[in-house]
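Asks: A single structure is presented below for examination.
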Amino acid sequence: MSKHNNEKLANEIKNAKVVKVEDIPAKAIILNSIVEIEETVSGKKFNFQVVMPNEANMKENKISIFTPMGVALIGYLEDSFVEWEMPSGVQKFKITKVEQAPHK
C-alpha cells in the first residue's frame, strides 16, 4: 500500500467509531452494499457490490472489501467524495448511489 493510502487508512482507523447495526445510515457503504461511483475527472461510472474476499468476482461486479477501492469506500455515505491512490495515481470519486443488498 502506498504512503498516501497508509496515512489515509491510519487516519480513518484513528477516527473510527463502533456503532450498532441499526444506527448505520441506510445510505452508508457497508459489507454487501451495492455501490455506484463516478470518477470526478473523467465522469466514468463504476457499479459493484462490496463483498468478502471469497465472494469477489469481477465478472459479477463484486469487489473484495480488502481491495484499495473497498477499503476506501467503507463507511462513506451516498453523495460523499473520496480520494484514494490507485495504480494510476490519486483519484477522486463521488459516491452517486448506495443500496443495501437483501440479506441472504
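Chain identifiers are assigned as A, B, and so on, following the order in which chains appear in the C-alpha cells; residues are numbered from 1 within each chain, and ligands are numbered from 1 in order of appearance.
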Give me the residues within 9 Å of Ala26 of chain A as a PDB file with all heavy atoms, in the first residue's frame, counting only C-alpha atoms and dropping any in the same chain fewer than 4 places off.
Replies:
ATOM      1  N   LEU A  77     -20.931   7.815   2.898  1.00  0.00           N
ATOM      2  CA  LEU A  77     -22.341   7.936   2.554  1.00  0.00           C
ATOM      3  C   LEU A  77     -22.531   8.329   1.085  1.00  0.00           C
ATOM      4  O   LEU A  77     -21.656   8.962   0.486  1.00  0.00           O
ATOM      5  CB  LEU A  77     -23.009   9.011   3.419  1.00  0.00           C
ATOM      6  CG  LEU A  77     -23.014   8.770   4.921  1.00  0.00           C
ATOM      7  CD1 LEU A  77     -23.492  10.017   5.648  1.00  0.00           C
ATOM      8  CD2 LEU A  77     -23.888   7.576   5.270  1.00  0.00           C
ATOM      9  N   VAL A  98     -25.987   4.298  -3.287  1.00  0.00           N
ATOM     10  CA  VAL A  98     -25.717   3.209  -2.345  1.00  0.00           C
ATOM     11  C   VAL A  98     -27.032   2.506  -2.050  1.00  0.00           C
ATOM     12  O   VAL A  98     -28.009   3.137  -1.685  1.00  0.00           O
ATOM     13  CB  VAL A  98     -25.105   3.730  -1.020  1.00  0.00           C
ATOM     14  CG1 VAL A  98     -24.916   2.576  -0.030  1.00  0.00           C
ATOM     15  CG2 VAL A  98     -23.803   4.461  -1.260  1.00  0.00           C
ATOM     16  N   GLU A  99     -27.028   1.197  -2.245  1.00  0.00           N
ATOM     17  CA  GLU A  99     -28.182   0.365  -1.898  1.00  0.00           C
ATOM     18  C   GLU A  99     -27.696  -0.779  -1.032  1.00  0.00           C
ATOM     19  O   GLU A  99     -26.586  -1.260  -1.208  1.00  0.00           O
ATOM     20  CB  GLU A  99     -28.837  -0.211  -3.159  1.00  0.00           C
ATOM     21  CG  GLU A  99     -29.449   0.812  -4.070  1.00  0.00           C
ATOM     22  CD  GLU A  99     -30.048   0.177  -5.329  1.00  0.00           C
ATOM     23  OE1 GLU A  99     -30.029  -1.080  -5.451  1.00  0.00           O
ATOM     24  OE2 GLU A  99     -30.506   0.920  -6.178  1.00  0.00           O
ATOM     25  N   GLN A 100     -28.543  -1.215  -0.123  1.00  0.00           N
ATOM     26  CA  GLN A 100     -28.182  -2.357   0.714  1.00  0.00           C
ATOM     27  C   GLN A 100     -28.761  -3.609   0.085  1.00  0.00           C
ATOM     28  O   GLN A 100     -29.945  -3.654  -0.244  1.00  0.00           O
ATOM     29  CB  GLN A 100     -28.669  -2.166   2.144  1.00  0.00           C
ATOM     30  CG  GLN A 100     -28.163  -0.897   2.814  1.00  0.00           C
ATOM     31  CD  GLN A 100     -26.653  -0.690   2.708  1.00  0.00           C
ATOM     32  OE1 GLN A 100     -25.878  -1.630   2.667  1.00  0.00           O
ATOM     33  NE2 GLN A 100     -26.234   0.561   2.654  1.00  0.00           N
TER      34      GLN A 100
END
Asks: Write out as a tab-separated table (two decimals) with N, CA, C and O atoms, in the first residue's frame which residues come within 10 Å of Met86 of chain A when counting only C-alpha atoms, dropping same-chain ones fewer than 2 positions away.
Replies:
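The result, stored in around32.tsv:
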chain	number	residue	atom	x	y	z
A	1	MET	N	0.85	-1.16	0.00
A	1	MET	CA	0.00	0.00	0.00
A	1	MET	C	0.90	1.23	0.00
A	1	MET	O	1.93	1.26	0.66
A	2	SER	N	0.51	2.26	-0.72
A	2	SER	CA	1.32	3.47	-0.82
A	2	SER	C	1.32	4.26	0.48
A	2	SER	O	0.47	4.07	1.35
A	5	ASN	N	-2.01	6.08	0.90
A	5	ASN	CA	-3.09	5.23	1.38
A	5	ASN	C	-2.88	4.78	2.82
A	5	ASN	O	-3.83	4.69	3.58
A	68	PRO	N	-8.15	-1.93	-2.67
A	68	PRO	CA	-8.00	-0.49	-2.40
A	68	PRO	C	-9.32	0.27	-2.48
A	68	PRO	O	-9.62	1.11	-1.63
A	69	MET	N	-10.16	-0.05	-3.46
A	69	MET	CA	-11.44	0.66	-3.57
A	69	MET	C	-12.39	0.27	-2.44
A	69	MET	O	-13.08	1.12	-1.88
A	83	GLU	N	-11.11	10.25	-1.91
A	83	GLU	CA	-9.88	10.20	-2.70
A	83	GLU	C	-9.11	8.96	-2.27
A	83	GLU	O	-9.06	8.63	-1.08
A	84	TRP	N	-8.51	8.29	-3.25
A	84	TRP	CA	-7.71	7.12	-2.94
A	84	TRP	C	-6.66	6.98	-4.01
A	84	TRP	O	-6.92	7.27	-5.18
A	88	SER	N	-2.85	4.17	-11.01
A	88	SER	CA	-2.62	5.29	-11.94
A	88	SER	C	-2.46	6.63	-11.23
A	88	SER	O	-2.34	7.66	-11.88
A	89	GLY	N	-2.48	6.65	-9.89
A	89	GLY	CA	-2.33	7.89	-9.13
A	89	GLY	C	-3.56	8.16	-8.28
A	89	GLY	O	-4.53	7.42	-8.30
A	90	VAL	N	-3.53	9.27	-7.54
A	90	VAL	CA	-4.64	9.64	-6.66
A	90	VAL	C	-5.83	10.04	-7.52
A	90	VAL	O	-5.71	10.85	-8.44
A	91	GLN	N	-6.97	9.44	-7.22
A	91	GLN	CA	-8.19	9.75	-7.96
A	91	GLN	C	-9.28	10.13	-6.97
A	91	GLN	O	-9.32	9.65	-5.84
A	92	LYS	N	-10.18	10.98	-7.43
A	92	LYS	CA	-11.30	11.41	-6.60
A	92	LYS	C	-12.59	10.86	-7.20
A	92	LYS	O	-12.80	10.94	-8.40
Asks: Would you mind reading off the distance between atom CA of Ile13 of chain A and atom CA of Glu85 of chain A, one decimal, in Å?
Replies: 17.2 Å
Asks: Can you work out which one of A:Phe66, A:Val71, A:Lys45, A:Glu55 has the shortest atom-to-atom distance to Lys97 of chain A, counting only C-alpha atoms?
Replies: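 Checking each of A:Phe66, A:Val71, A:Lys45, A:Glu55 against Lys97 of chain A, counting only C-alpha atoms, the winner is A:Lys45.
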Asks: Compare A:Ile63, A:Val35, A:Gly75, A:Ile95 by their minimum atom-to-atom distance to Asn15 of chain A, counting only C-alpha atoms, and give me the closest one.
Replies: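 Nearest to Asn15 of chain A: A:Gly75.
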Asks: If we count only C-alpha atoms, what is near Gln49 of chain A at a cut-off of 7 Å, once residues fewer than 5 positions away on the same chain are taken out, given as a PyMOL selection string?
Replies: chain A and resi 32-35+61-63
Asks: How about saving the chosen residues, N, CA and C atoms kept, as an mmCIF file, in the first residue's frame?
Replies:
data_model
loop_
_atom_site.group_PDB
_atom_site.id
_atom_site.type_symbol
_atom_site.label_atom_id
_atom_site.label_comp_id
_atom_site.auth_asym_id
_atom_site.auth_seq_id
_atom_site.Cartn_x
_atom_site.Cartn_y
_atom_site.Cartn_z
ATOM 1 N N ASN A 32 -21.497 -5.801 1.673
ATOM 2 C CA ASN A 32 -22.606 -6.210 0.798
ATOM 3 C C ASN A 32 -23.366 -5.045 0.173
ATOM 4 N N SER A 33 -22.962 -3.802 0.427
ATOM 5 C CA SER A 33 -23.611 -2.668 -0.236
ATOM 6 C C SER A 33 -23.390 -2.739 -1.740
ATOM 7 N N ILE A 34 -24.387 -2.293 -2.469
ATOM 8 C CA ILE A 34 -24.297 -2.159 -3.922
ATOM 9 C C ILE A 34 -24.061 -0.682 -4.180
ATOM 10 N N VAL A 35 -22.979 -0.378 -4.896
ATOM 11 C CA VAL A 35 -22.477 0.989 -4.976
ATOM 12 C C VAL A 35 -22.295 1.438 -6.422
ATOM 13 N N ASN A 61 -19.262 -8.129 -10.943
ATOM 14 C CA ASN A 61 -19.119 -6.794 -10.350
ATOM 15 C C ASN A 61 -19.129 -6.840 -8.827
ATOM 16 N N LYS A 62 -18.399 -7.802 -8.275
ATOM 17 C CA LYS A 62 -18.260 -7.928 -6.825
ATOM 18 C C LYS A 62 -16.796 -7.740 -6.482
ATOM 19 N N ILE A 63 -16.509 -6.720 -5.645
ATOM 20 C CA ILE A 63 -15.125 -6.462 -5.249
ATOM 21 C C ILE A 63 -14.943 -6.756 -3.765
#
Asks: Given only C-alpha atoms as the basis, pick out the residue of A:His4, A:Ala101, A:Ala16, A:Ser42 nearest to Pro87 of chain A.
Replies: A:His4
Asks: Run DSSP on the backbone and tell me which residues of chain A come out as strand (DSSP E); list them as a ChimeraX atom specification.
Replies: /A:33-39,45-51,62-64,81-86,89-100
Asks: Quick check for you: according to DSSP on this backbone, which residues of chain A are classed as alpha helix (DSSP H)? Reply as a VMD selection string.
Replies: chain A and resid 3 to 15 68 to 73
Asks: Just to be explicit: take each residue in the selection above, keep C-alpha atoms, and write the result as a PDB file, in the first residue's frame.
Replies:
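Heads up, here's the output in part-v5.pdb:
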ATOM      1  CA  LYS A   3       2.355   6.025   1.784  1.00  0.00           C
ATOM      2  CA  HIS A   4      -0.699   8.139   0.817  1.00  0.00           C
ATOM      3  CA  ASN A   5      -3.090   5.230   1.376  1.00  0.00           C
ATOM      4  CA  ASN A   6      -1.341   4.143   4.589  1.00  0.00           C
ATOM      5  CA  GLU A   7      -1.737   7.624   6.057  1.00  0.00           C
ATOM      6  CA  LYS A   8      -5.348   7.886   4.908  1.00  0.00           C
ATOM      7  CA  LEU A   9      -6.222   4.468   6.332  1.00  0.00           C
ATOM      8  CA  ALA A  10      -4.432   5.218   9.632  1.00  0.00           C
ATOM      9  CA  ASN A  11      -6.461   8.424   9.928  1.00  0.00           C
ATOM     10  CA  GLU A  12      -9.696   6.547   9.164  1.00  0.00           C
ATOM     11  CA  ILE A  13      -8.902   3.967  11.860  1.00  0.00           C
ATOM     12  CA  LYS A  14      -7.991   6.697  14.374  1.00  0.00           C
ATOM     13  CA  ASN A  15     -11.353   8.414  13.822  1.00  0.00           C
ATOM     14  CA  PRO A  68      -7.997  -0.491  -2.401  1.00  0.00           C
ATOM     15  CA  MET A  69     -11.438   0.661  -3.572  1.00  0.00           C
ATOM     16  CA  GLY A  70     -13.273  -1.440  -0.978  1.00  0.00           C
ATOM     17  CA  VAL A  71     -11.121  -0.076   1.838  1.00  0.00           C
ATOM     18  CA  ALA A  72     -11.522   3.475   0.510  1.00  0.00           C
ATOM     19  CA  LEU A  73     -15.322   3.380   0.460  1.00  0.00           C
TER      20      LEU A  73
END
